[in-house]
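Trainee: Questions regarding the structure given below will be posed in turn.
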Amino acid sequence: MMNALTQKPYVIIFFLLISISSYTQAKTLKQNQPCKQIILYYHDILFNGTDLANATSAQITNETALSHNFGMMVVFDDPMTKDGRLLSPPVARAQGFYFYDRKNTYNAWFAYTLIFNSTDYKGTLNIMGADPLPEKTRDLSVVGGTGDFFMTRGIATFTTEEVQGDYYFRLKMDIKLYECYNHK
């Protein structure tokens, strides 16, 4: 059994390691300067019953009598482009779901993965959070990633660029990563 005198060096070493670790973390996380920034455009084409060839998303819940699409859930596999043109070559795919979760106004909640397989990036980014549609810009959390985005954290700022009825919308996504690791 260790007495108080033999435990003291271990306690000091433990606190020294914790303070060095905290100092290193605080130094590498710069909130105002992202370590990586990517701007992409998200294109969602909701299946309307007739556009099977072009649809990239589908409603998976039944219609309700409640307002603002409340309760509607959509699963998607949407192209991500470097510019706002739908027919530009995709640099990633956005795969996941969103559902409308407010009864009195349009508000969606997203959970999806950006899957990159291009010459610029390989790997995934996981994004989730509330999308209060009436706001000009909305921030969702980047909660992790793989490959070139290993364990990354940050913010994806949405701006709605175009809406065509209930069946097509385009979002500009300004992705700022504040916690980046070089695992190679």
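In the structure tokens, chains take the letters A, B, ... in the order shown, each chain's residues start at 1, and ligands count up from 1 in the order shown.
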Tell me which protein, DNA and RNA residues are within 7 Å of stretch 85-90 of chain A, counting only C-alpha atoms, leaving out same-chain ones fewer than 5 positions away, and put them as a list in words.

Mentor: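 So, after excluding close chain neighbours, the residues are His43, Pro79 and Met80 of chain A.
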
Trainee: I'd like the contact shell of A:Phe149 - 12 Å cut-off, only C-alpha atoms, skipping same-chain residues fewer than 2 positions apart - returned as a PyMOL selection string.

Mentor: chain A and resi 35-38+113-116+120-126+142-147+151-154+175-184

Trainee: Tell me, which residues of stretch 33-65 of chain A carry DSSP strand (DSSP E or B), written as JSON, numbers by chain?

Mentor: {"A": [36, 37, 38, 39, 40, 41, 42, 43, 44, 45, 46, 57, 58, 59]}

Trainee: May I have the residues within 7 Å of stretch 65-69 of chain A as a list in words, using only C-alpha atoms and disregarding those fewer than 4 positions away in the same chain?

Mentor: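 Counting only the stated atoms, we get Tyr100, Lys103, Asn104, Thr105 and Tyr106 of chain A.
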
Trainee: I'd like a table as JSON lines: residues in stretch 91-150 of chain A with an atom no more than 12 Å from stretch 44-50 of chain A, each row giving the shortest atom pair and its distance in Å to one decimal, only C-alpha atoms counted, sorted by chain and rising residue number.

Mentor:
```
{"residue": "A:Arg93", "atom": "CA", "partner": "A:Asp44", "partner_atom": "CA", "distance": 10.9}
{"residue": "A:Ala94", "atom": "CA", "partner": "A:Asp44", "partner_atom": "CA", "distance": 9.5}
{"residue": "A:Gln95", "atom": "CA", "partner": "A:Asp44", "partner_atom": "CA", "distance": 10.8}
{"residue": "A:Gly96", "atom": "CA", "partner": "A:Asp44", "partner_atom": "CA", "distance": 11.7}
{"residue": "A:Phe97", "atom": "CA", "partner": "A:Asp44", "partner_atom": "CA", "distance": 11.3}
{"residue": "A:Tyr98", "atom": "CA", "partner": "A:Asp44", "partner_atom": "CA", "distance": 11.3}
```

Trainee: Can you write just those residues out, N, CA and C atoms, as a PDB file, in the first residue's frame?

Mentor:
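Wrote it out as part16.pdb, contents follow:
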```
ATOM      1  N   ARG A  93     -21.562  13.319 -52.446  1.00  0.00           N
ATOM      2  CA  ARG A  93     -22.982  12.989 -52.320  1.00  0.00           C
ATOM      3  C   ARG A  93     -23.378  13.280 -50.880  1.00  0.00           C
ATOM      4  N   ALA A  94     -24.578  13.811 -50.706  1.00  0.00           N
ATOM      5  CA  ALA A  94     -25.139  14.009 -49.368  1.00  0.00           C
ATOM      6  C   ALA A  94     -26.171  12.905 -49.172  1.00  0.00           C
ATOM      7  N   GLN A  95     -25.948  12.046 -48.184  1.00  0.00           N
ATOM      8  CA  GLN A  95     -26.847  10.919 -47.948  1.00  0.00           C
ATOM      9  C   GLN A  95     -27.322  10.948 -46.507  1.00  0.00           C
ATOM     10  N   GLY A  96     -28.658  10.959 -46.334  1.00  0.00           N
ATOM     11  CA  GLY A  96     -29.219  11.006 -44.996  1.00  0.00           C
ATOM     12  C   GLY A  96     -30.699  11.283 -45.024  1.00  0.00           C
ATOM     13  N   PHE A  97     -31.173  12.077 -44.044  1.00  0.00           N
ATOM     14  CA  PHE A  97     -32.597  12.374 -43.969  1.00  0.00           C
ATOM     15  C   PHE A  97     -32.825  13.736 -43.332  1.00  0.00           C
ATOM     16  N   TYR A  98     -34.016  14.268 -43.576  1.00  0.00           N
ATOM     17  CA  TYR A  98     -34.495  15.445 -42.857  1.00  0.00           C
ATOM     18  C   TYR A  98     -35.968  15.248 -42.586  1.00  0.00           C
TER      19      TYR A  98
END
```

Trainee: For A:Gln59, find every residue with an atom within 7 Å (counting only C-alpha atoms), except residues of its own chain fewer than 5 positions away, and show them as a PyMOL selection string.

Mentor: chain A and resi 72-75

Trainee: Any idea what the distance is between atom CA of A:Lys172 and atom CA of A:Tyr42?

Mentor: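 Atom CA of A:Tyr42 lies 6.4 Å from atom CA of A:Lys172.
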
Trainee: Can you list every residue in stretch 17-178 of chain A that DSSP puts in helix (DSSP H, G or I), as a count of residues only?

Mentor: 12

Trainee: Any idea what the distance is between atom CA of A:Asn117 and atom CA of A:Asp51?

Mentor: 26.8 Å

Trainee: What is the distance between atom CA of A:Ala130 and atom CA of A:Ala53, in Å to one decimal?

Mentor: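 According to the coordinates, atom CA of A:Ala130 and atom CA of A:Ala53 are separated by 29.6 Å.
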